[in-house]
Structures are given as C-alpha cells and as structure tokens.
>>> print(open('run.pdb').read())   # PDB, C-alpha atoms
ATOM      1  CA  MET K   1      86.639 127.214  86.735
ATOM      2  CA  MET K   2      84.483 126.624  83.676
ATOM      3  CA  ASN K   3      85.909 125.622  80.320
ATOM      4  CA  ALA K   4      84.057 126.127  77.031
ATOM      5  CA  GLY K   5      82.136 122.839  77.391
ATOM      6  CA  ASN K   6      81.088 123.688  80.937
ATOM      7  CA  ARG K   7      79.880 127.148  79.847
ATOM      8  CA  CYS K   8      77.584 125.524  77.313
ATOM      9  CA  THR K   9      76.359 123.027  79.907
ATOM     10  CA  TRP K  10      75.896 125.857  82.425
ATOM     11  CA  ARG K  11      73.688 127.930  80.109
ATOM     12  CA  GLN K  12      71.598 124.877  79.270
ATOM     13  CA  MET K  13      71.293 123.980  82.945
ATOM     14  CA  GLU K  14      70.123 127.455  83.945
ATOM     15  CA  GLN K  15      67.494 127.398  81.214
ATOM     16  CA  ALA K  16      66.258 123.905  82.077
ATOM     17  CA  TRP K  17      66.575 124.087  85.898
ATOM     18  CA  ASP K  18      62.851 124.284  86.666
ATOM     19  CA  SER K  19      61.987 121.307  84.473
ATOM     20  CA  LEU K  20      64.977 119.278  85.691
ATOM     21  CA  VAL K  21      64.265 119.603  89.411
ATOM     22  CA  GLY K  22      60.517 120.257  89.316
ATOM     23  CA  PRO K  23      58.591 123.408  90.231
ATOM     24  CA  THR K  24      58.576 122.896  94.002
ATOM     25  CA  ILE K  25      62.324 122.413  94.342
ATOM     26  CA  ALA K  26      62.998 125.123  91.758
ATOM     27  CA  ARG K  27      61.167 127.687  93.922
ATOM     28  CA  HIS K  28      63.658 127.039  96.720
ATOM     29  CA  THR K  29      66.890 126.559  94.760
ATOM     30  CA  GLN K  30      69.149 128.151  92.194
ATOM     31  CA  PRO K  31      72.239 126.700  90.526
ATOM     32  CA  VAL K  32      75.176 128.971  91.398
ATOM     33  CA  ARG K  33      78.227 127.573  89.632
ATOM     34  CA  LEU K  34      79.805 124.496  88.156
ATOM     35  CA  ASP K  35      83.351 124.041  89.416
ATOM     36  CA  ARG K  36      85.469 120.939  88.779
ATOM     37  CA  ASN K  37      82.347 119.018  87.803
ATOM     38  CA  THR K  38      80.610 119.822  91.105
ATOM     39  CA  LEU K  39      77.408 121.826  90.864
ATOM     40  CA  LEU K  40      76.909 124.307  93.699
ATOM     41  CA  VAL K  41      73.216 124.903  94.392
ATOM     42  CA  ALA K  42      71.911 127.765  96.555
ATOM     43  CA  VAL K  43      68.985 126.872  98.807
ATOM     44  CA  ASP K  44      66.690 129.410 100.456
ATOM     45  CA  SER K  45      66.559 127.832 103.936
ATOM     46  CA  ALA K  46      68.174 125.286 106.226
ATOM     47  CA  VAL K  47      64.956 123.265 106.128
ATOM     48  CA  TRP K  48      65.197 122.900 102.354
ATOM     49  CA  LEU K  49      68.928 122.228 102.589
ATOM     50  CA  ASN K  50      68.215 119.273 104.874
ATOM     51  CA  GLU K  51      65.371 118.042 102.661
ATOM     52  CA  LEU K  52      67.533 118.103  99.554
ATOM     53  CA  ILE K  53      70.537 116.446 101.155
ATOM     54  CA  ARG K  54      68.507 113.693 102.807
ATOM     55  CA  TYR K  55      65.875 112.931 100.182
ATOM     56  CA  GLU K  56      66.570 114.544  96.814
ATOM     57  CA  ARG K  57      70.342 114.647  96.206
ATOM     58  CA  VAL K  58      70.620 111.237  94.530
ATOM     59  CA  SER K  59      67.646 111.685  92.204
ATOM     60  CA  MET K  60      68.617 115.272  91.322
ATOM     61  CA  LEU K  61      72.154 114.195  90.467
ATOM     62  CA  ALA K  62      70.841 111.308  88.361
ATOM     63  CA  ARG K  63      68.547 113.637  86.347
ATOM     64  CA  LEU K  64      71.343 116.167  85.816
ATOM     65  CA  GLN K  65      73.795 113.463  84.765
ATOM     66  CA  GLU K  66      71.242 111.943  82.410
ATOM     67  CA  ARG K  67      70.743 115.322  80.733
ATOM     68  CA  PHE K  68      74.322 116.655  80.767
ATOM     69  CA  GLY K  69      76.503 113.565  81.157
ATOM     70  CA  LYS K  70      78.202 111.931  84.120
ATOM     71  CA  ASP K  71      81.532 113.458  83.132
ATOM     72  CA  ASN K  72      80.126 117.003  83.278
ATOM     73  CA  ILE K  73      78.381 116.775  86.662
ATOM     74  CA  LYS K  74      79.876 114.382  89.179
ATOM     75  CA  ALA K  75      78.558 115.823  92.444
ATOM     76  CA  LEU K  76      76.105 118.280  93.995
ATOM     77  CA  GLN K  77      76.910 120.643  96.824
ATOM     78  CA  PHE K  78      74.226 122.690  98.568
ATOM     79  CA  GLN K  79      74.533 125.887 100.591
ATOM     80  CA  VAL K  80      71.988 128.142 102.244
ATOM     81  CA  ASP K  81      71.896 131.453 100.367
ATOM     82  CA  PRO K  82      68.404 133.007 100.296
ATOM     83  CA  GLN K  83      69.607 136.043  98.329
ATOM     84  CA  ALA K  84      70.829 133.897  95.427
ATOM     85  CA  VAL K  85      67.440 132.208  95.208
ATOM     86  CA  LEU K  86      65.588 135.545  95.429
ATOM     87  CA  LYS K  87      67.549 136.933  92.463
ATOM     88  CA  LYS K  88      65.770 134.552  90.104
ATOM     89  CA  CYS K  89      62.329 135.675  91.310
ATOM     90  CA  SER K  90      60.337 138.483  89.826
ATOM     91  CA  PRO K  91      61.205 141.976  91.126
ATOM     92  CA  ALA K  92      57.959 142.074  93.139
ATOM     93  CA  MET K  93      58.879 138.874  94.951
ATOM     94  CA  ALA K  94      62.506 139.912  95.513
ATOM     95  CA  THR K  95      61.449 143.071  97.334
ATOM     96  CA  ARG K  96      58.707 141.435  99.378
ATOM     97  CA  PRO K  97      59.425 141.607 103.128
ATOM     98  CA  SER K  98      60.181 138.307 104.869
TER      99      SER K  98
END
>>> encode(input="run.pdb", output="structure tokens")
Amino acid sequence: MMNAGNRCTWRQMEQAWDSLVGPTIARHTQPVRLDRNTLLVAVDSAVWLNELIRYERVSMLARLQERFGKDNIKALQFQVDPQAVLKKCSPAMATRPS
C-alpha cells in the first residue's frame, strides 16, 4: 500500500521511467506499483523478463535508488504482463495485431 510519500515518488517515477531505464528497456516495461518499498515492473515477454533479471536488475535498482532514495525503493520484482506494457503505448500500437 502506498503512503503519501510513496504516491509522490510513484508519480515522479512514472513520469521519469523512460529516462531512468533508457528507451530500449522502457519500450518493454512499465512500472505497475510500489508496495512495501518493492517496485513491481511489468515486462512484455519472458525473453525480456530473463534479460532484466540476469543483466539489468542491479543497475536499474541503483538508478532508481539514486533518484528516489534507498529507503523508498529497496527491491525490484518483474512479471510478464504484455497488456500492462501495451497500455502505455499509443492507441495505434495498442490495437496492432501481434
């Protein structure tokens, strides 16, 4: 559950997501929620899930903690959820067949 400080952090994180993680990762991810200082991130495929867990988790967490504080974000959790990632795309992209 988010308290007032987390809500502020959450809004800032959503707005800065692309610049924080970079354009390539941003195309395949979307922050979903911040719960008990763990950020849940939706990923559009199992391939990207594996890539993020194996190669990007540590650096992503470091950038997020640098920006929002180690007390606000203590861990990252990833889950495959293509629909969550599609919601941030333009309407033309969201309706494009797979």
>>> residues_near_point(input="run.pdb", point="(73.5, 126.6, 84.0)", cutoff="10 Å", atoms="all atoms listed in the file", output="list of chain:residue names")
K:Asn6, K:Arg7, K:Cys8, K:Thr9, K:Trp10, K:Arg11, K:Gln12, K:Met13, K:Glu14, K:Gln15, K:Ala16, K:Trp17, K:Gln30, K:Pro31, K:Val32, K:Arg33, K:Leu34, K:Leu39
>>> write_last_selection(input="run.pdb", atoms="C-alpha atoms", output="short mmCIF file (atom, residue, chain, number, x, y, z; two decimals), in the coordinates of the input")
data_model
loop_
_atom_site.label_atom_id
_atom_site.label_comp_id
_atom_site.auth_asym_id
_atom_site.auth_seq_id
_atom_site.Cartn_x
_atom_site.Cartn_y
_atom_site.Cartn_z
CA ASN K 6 81.09 123.69 80.94
CA ARG K 7 79.88 127.15 79.85
CA CYS K 8 77.58 125.52 77.31
CA THR K 9 76.36 123.03 79.91
CA TRP K 10 75.90 125.86 82.42
CA ARG K 11 73.69 127.93 80.11
CA GLN K 12 71.60 124.88 79.27
CA MET K 13 71.29 123.98 82.94
CA GLU K 14 70.12 127.46 83.94
CA GLN K 15 67.49 127.40 81.21
CA ALA K 16 66.26 123.90 82.08
CA TRP K 17 66.58 124.09 85.90
CA GLN K 30 69.15 128.15 92.19
CA PRO K 31 72.24 126.70 90.53
CA VAL K 32 75.18 128.97 91.40
CA ARG K 33 78.23 127.57 89.63
CA LEU K 34 79.81 124.50 88.16
CA LEU K 39 77.41 121.83 90.86
#
>>> residues_around(input="run.pdb", residues="Ser59 of chain K", least_positions_apart="6", cutoff="12 Å", atoms="all atoms listed in the file", output="list in words")
Leu20, Val21, Gly22, Leu52, Ile53, Gln65, Glu66, Ala75 and Leu76 of chain K
>>> write_last_selection(input="run.pdb", atoms="C-alpha atoms", output="PDB file, in the coordinates of the input")
ATOM      1  CA  LEU K  20      64.977 119.278  85.691  1.00  0.00           C
ATOM      2  CA  VAL K  21      64.265 119.603  89.411  1.00  0.00           C
ATOM      3  CA  GLY K  22      60.517 120.257  89.316  1.00  0.00           C
ATOM      4  CA  LEU K  52      67.533 118.103  99.554  1.00  0.00           C
ATOM      5  CA  ILE K  53      70.537 116.446 101.155  1.00  0.00           C
ATOM      6  CA  GLN K  65      73.795 113.463  84.765  1.00  0.00           C
ATOM      7  CA  GLU K  66      71.242 111.943  82.410  1.00  0.00           C
ATOM      8  CA  ALA K  75      78.558 115.823  92.444  1.00  0.00           C
ATOM      9  CA  LEU K  76      76.105 118.280  93.995  1.00  0.00           C
TER      10      LEU K  76
END
>>> closest_residue(input="run.pdb", among="K:Ala42, K:Lys74, K:Arg27, K:Leu86", to="Val58 of chain K", atoms="all atoms listed in the file")
K:Lys74
>>> atom_distance(input="run.pdb", atom1="atom CA of Phe78 of chain K", atom2="atom CA of Val41 of chain K")
4.8 Å
>>> resolve_selection(input="run.pdb", expression="the PyMOL selection byres ((chain K and resi 46) around 12)", output="PDB file with C-alpha atoms, keeping the file's coordinate frame")
ATOM      1  CA  HIS K  28      63.658 127.039  96.720  1.00  0.00           C
ATOM      2  CA  THR K  29      66.890 126.559  94.760  1.00  0.00           C
ATOM      3  CA  ALA K  42      71.911 127.765  96.555  1.00  0.00           C
ATOM      4  CA  VAL K  43      68.985 126.872  98.807  1.00  0.00           C
ATOM      5  CA  ASP K  44      66.690 129.410 100.456  1.00  0.00           C
ATOM      6  CA  SER K  45      66.559 127.832 103.936  1.00  0.00           C
ATOM      7  CA  VAL K  47      64.956 123.265 106.128  1.00  0.00           C
ATOM      8  CA  TRP K  48      65.197 122.900 102.354  1.00  0.00           C
ATOM      9  CA  LEU K  49      68.928 122.228 102.589  1.00  0.00           C
ATOM     10  CA  ASN K  50      68.215 119.273 104.874  1.00  0.00           C
ATOM     11  CA  GLU K  51      65.371 118.042 102.661  1.00  0.00           C
ATOM     12  CA  LEU K  52      67.533 118.103  99.554  1.00  0.00           C
ATOM     13  CA  ILE K  53      70.537 116.446 101.155  1.00  0.00           C
ATOM     14  CA  PHE K  78      74.226 122.690  98.568  1.00  0.00           C
ATOM     15  CA  GLN K  79      74.533 125.887 100.591  1.00  0.00           C
ATOM     16  CA  VAL K  80      71.988 128.142 102.244  1.00  0.00           C
ATOM     17  CA  ASP K  81      71.896 131.453 100.367  1.00  0.00           C
ATOM     18  CA  PRO K  82      68.404 133.007 100.296  1.00  0.00           C
TER      19      PRO K  82
END
>>> atom_distance(input="run.pdb", atom1="atom CA of Lys87 of chain K", atom2="atom CA of Asp35 of chain K")
20.6 Å
>>> axis_aligned_box(input="run.pdb", around="segment 8-17 of chain K", padding_each_side="4 Å", output="JSON")
{"center_x": 71.9, "center_y": 125.5, "center_z": 81.6, "size_x": 19.3, "size_y": 12.9, "size_z": 16.6}
>>> atom_distance(input="run.pdb", atom1="atom CA of Met60 of chain K", atom2="atom CA of Ile25 of chain K")
10.0 Å
>>> decode(input="run.pdb", residues="segment 2-49 of chain K", atoms="N, CA and C atoms", output="mmCIF file, in the first residue's frame")
data_model
loop_
_atom_site.group_PDB
_atom_site.id
_atom_site.type_symbol
_atom_site.label_atom_id
_atom_site.label_comp_id
_atom_site.auth_asym_id
_atom_site.auth_seq_id
_atom_site.Cartn_x
_atom_site.Cartn_y
_atom_site.Cartn_z
ATOM 1 N N MET K 2 0.456 2.264 -0.709
ATOM 2 C CA MET K 2 1.257 3.476 -0.831
ATOM 3 C C MET K 2 0.824 4.510 0.191
ATOM 4 N N ASN K 3 1.804 5.105 0.878
ATOM 5 C CA ASN K 3 1.509 6.239 1.739
ATOM 6 C C ASN K 3 1.701 7.509 0.926
ATOM 7 N N ALA K 4 1.548 8.662 1.562
ATOM 8 C CA ALA K 4 1.631 9.933 0.826
ATOM 9 C C ALA K 4 2.997 10.108 0.164
ATOM 10 N N GLY K 5 4.081 9.748 0.869
ATOM 11 C CA GLY K 5 5.415 9.866 0.273
ATOM 12 C C GLY K 5 5.592 8.963 -0.920
ATOM 13 N N ASN K 6 5.066 7.743 -0.833
ATOM 14 C CA ASN K 6 5.166 6.808 -1.957
ATOM 15 C C ASN K 6 4.361 7.285 -3.156
ATOM 16 N N ARG K 7 3.203 7.924 -2.912
ATOM 17 C CA ARG K 7 2.397 8.435 -4.031
ATOM 18 C C ARG K 7 3.170 9.487 -4.810
ATOM 19 N N CYS K 8 3.871 10.348 -4.086
ATOM 20 C CA CYS K 8 4.681 11.368 -4.741
ATOM 21 C C CYS K 8 5.798 10.705 -5.537
ATOM 22 N N THR K 9 6.489 9.765 -4.915
ATOM 23 C CA THR K 9 7.552 9.026 -5.598
ATOM 24 C C THR K 9 7.005 8.305 -6.820
ATOM 25 N N TRP K 10 5.826 7.696 -6.683
ATOM 26 C CA TRP K 10 5.212 6.942 -7.776
ATOM 27 C C TRP K 10 4.961 7.836 -8.984
ATOM 28 N N ARG K 11 4.340 8.995 -8.757
ATOM 29 C CA ARG K 11 4.059 9.914 -9.868
ATOM 30 C C ARG K 11 5.355 10.336 -10.556
ATOM 31 N N GLN K 12 6.364 10.657 -9.766
ATOM 32 C CA GLN K 12 7.648 11.060 -10.325
ATOM 33 C C GLN K 12 8.280 9.915 -11.115
ATOM 34 N N MET K 13 8.144 8.713 -10.603
ATOM 35 C CA MET K 13 8.729 7.549 -11.275
ATOM 36 C C MET K 13 8.044 7.297 -12.612
ATOM 37 N N GLU K 14 6.730 7.358 -12.631
ATOM 38 C CA GLU K 14 6.009 7.161 -13.900
ATOM 39 C C GLU K 14 6.448 8.188 -14.938
ATOM 40 N N GLN K 15 6.591 9.426 -14.513
ATOM 41 C CA GLN K 15 6.968 10.489 -15.442
ATOM 42 C C GLN K 15 8.401 10.337 -15.944
ATOM 43 N N ALA K 16 9.276 9.818 -15.096
ATOM 44 C CA ALA K 16 10.697 9.737 -15.452
ATOM 45 C C ALA K 16 11.127 8.350 -15.921
ATOM 46 N N TRP K 17 10.193 7.391 -16.023
ATOM 47 C CA TRP K 17 10.550 5.997 -16.302
ATOM 48 C C TRP K 17 11.448 5.844 -17.530
ATOM 49 N N ASP K 18 11.058 6.444 -18.638
ATOM 50 C CA ASP K 18 11.826 6.281 -19.878
ATOM 51 C C ASP K 18 13.272 6.761 -19.717
ATOM 52 N N SER K 19 13.458 7.897 -19.067
ATOM 53 C CA SER K 19 14.822 8.401 -18.906
ATOM 54 C C SER K 19 15.602 7.606 -17.857
ATOM 55 N N LEU K 20 14.914 7.050 -16.877
ATOM 56 C CA LEU K 20 15.592 6.274 -15.836
ATOM 57 C C LEU K 20 16.111 4.932 -16.353
ATOM 58 N N VAL K 21 15.316 4.259 -17.169
ATOM 59 C CA VAL K 21 15.705 2.920 -17.621
ATOM 60 C C VAL K 21 16.247 2.906 -19.037
ATOM 61 N N GLY K 22 16.079 4.004 -19.769
ATOM 62 C CA GLY K 22 16.535 4.072 -21.152
ATOM 63 C C GLY K 22 15.427 3.674 -22.110
ATOM 64 N N PRO K 23 15.493 4.155 -23.344
ATOM 65 C CA PRO K 23 14.401 3.946 -24.298
ATOM 66 C C PRO K 23 14.165 2.487 -24.680
ATOM 67 N N THR K 24 15.199 1.694 -24.768
ATOM 68 C CA THR K 24 15.020 0.293 -25.165
ATOM 69 C C THR K 24 14.275 -0.485 -24.091
ATOM 70 N N ILE K 25 14.721 -0.376 -22.858
ATOM 71 C CA ILE K 25 14.040 -1.083 -21.767
ATOM 72 C C ILE K 25 12.646 -0.517 -21.559
ATOM 73 N N ALA K 26 12.493 0.785 -21.676
ATOM 74 C CA ALA K 26 11.185 1.415 -21.479
ATOM 75 C C ALA K 26 10.138 0.889 -22.457
ATOM 76 N N ARG K 27 10.555 0.556 -23.683
ATOM 77 C CA ARG K 27 9.602 0.021 -24.667
ATOM 78 C C ARG K 27 9.038 -1.334 -24.246
ATOM 79 N N HIS K 28 9.742 -2.033 -23.384
ATOM 80 C CA HIS K 28 9.349 -3.385 -22.999
ATOM 81 C C HIS K 28 8.875 -3.499 -21.550
ATOM 82 N N THR K 29 8.825 -2.380 -20.839
ATOM 83 C CA THR K 29 8.479 -2.413 -19.420
ATOM 84 C C THR K 29 7.518 -1.295 -19.042
ATOM 85 N N GLN K 30 6.910 -1.474 -17.885
ATOM 86 C CA GLN K 30 6.047 -0.444 -17.315
ATOM 87 C C GLN K 30 6.010 -0.653 -15.805
ATOM 88 N N PRO K 31 6.302 0.382 -15.010
ATOM 89 C CA PRO K 31 6.139 0.216 -13.574
ATOM 90 C C PRO K 31 4.656 0.031 -13.252
ATOM 91 N N VAL K 32 4.347 -0.919 -12.380
ATOM 92 C CA VAL K 32 2.950 -1.248 -12.081
ATOM 93 C C VAL K 32 2.530 -0.708 -10.720
ATOM 94 N N ARG K 33 3.339 -0.989 -9.702
ATOM 95 C CA ARG K 33 3.003 -0.481 -8.368
ATOM 96 C C ARG K 33 4.231 -0.545 -7.470
ATOM 97 N N LEU K 34 4.159 0.265 -6.436
ATOM 98 C CA LEU K 34 5.182 0.284 -5.400
ATOM 99 C C LEU K 34 4.504 -0.168 -4.116
ATOM 100 N N ASP K 35 4.919 -1.329 -3.624
ATOM 101 C CA ASP K 35 4.289 -1.918 -2.447
ATOM 102 C C ASP K 35 5.371 -2.350 -1.468
ATOM 103 N N ARG K 36 5.330 -1.789 -0.265
ATOM 104 C CA ARG K 36 6.315 -2.108 0.773
ATOM 105 C C ARG K 36 7.742 -1.934 0.249
ATOM 106 N N ASN K 37 7.936 -0.847 -0.456
ATOM 107 C CA ASN K 37 9.249 -0.468 -0.985
ATOM 108 C C ASN K 37 9.799 -1.427 -2.037
ATOM 109 N N THR K 38 8.929 -2.250 -2.618
ATOM 110 C CA THR K 38 9.296 -3.109 -3.740
ATOM 111 C C THR K 38 8.548 -2.618 -4.969
ATOM 112 N N LEU K 39 9.270 -2.327 -6.019
ATOM 113 C CA LEU K 39 8.666 -1.865 -7.259
ATOM 114 C C LEU K 39 8.353 -3.066 -8.141
ATOM 115 N N LEU K 40 7.096 -3.227 -8.493
ATOM 116 C CA LEU K 40 6.674 -4.269 -9.425
ATOM 117 C C LEU K 40 6.703 -3.676 -10.827
ATOM 118 N N VAL K 41 7.399 -4.359 -11.730
ATOM 119 C CA VAL K 41 7.566 -3.892 -13.105
ATOM 120 C C VAL K 41 6.991 -4.938 -14.053
ATOM 121 N N ALA K 42 6.050 -4.519 -14.911
ATOM 122 C CA ALA K 42 5.507 -5.405 -15.940
ATOM 123 C C ALA K 42 6.474 -5.431 -17.112
ATOM 124 N N VAL K 43 6.633 -6.625 -17.677
ATOM 125 C CA VAL K 43 7.538 -6.841 -18.812
ATOM 126 C C VAL K 43 6.723 -7.501 -19.919
ATOM 127 N N ASP K 44 6.992 -7.141 -21.173
ATOM 128 C CA ASP K 44 6.137 -7.617 -22.256
ATOM 129 C C ASP K 44 6.419 -9.034 -22.745
ATOM 130 N N SER K 45 7.500 -9.671 -22.297
ATOM 131 C CA SER K 45 7.774 -11.039 -22.741
ATOM 132 C C SER K 45 8.700 -11.749 -21.760
ATOM 133 N N ALA K 46 8.695 -13.062 -21.833
ATOM 134 C CA ALA K 46 9.588 -13.860 -20.988
ATOM 135 C C ALA K 46 11.051 -13.613 -21.348
ATOM 136 N N VAL K 47 11.315 -13.331 -22.606
ATOM 137 C CA VAL K 47 12.684 -13.045 -23.038
ATOM 138 C C VAL K 47 13.200 -11.790 -22.329
ATOM 139 N N TRP K 48 12.377 -10.736 -22.321
ATOM 140 C CA TRP K 48 12.788 -9.514 -21.639
ATOM 141 C C TRP K 48 12.829 -9.704 -20.129
ATOM 142 N N LEU K 49 11.948 -10.492 -19.586
ATOM 143 C CA LEU K 49 11.985 -10.798 -18.155
ATOM 144 C C LEU K 49 13.347 -11.386 -17.790
#
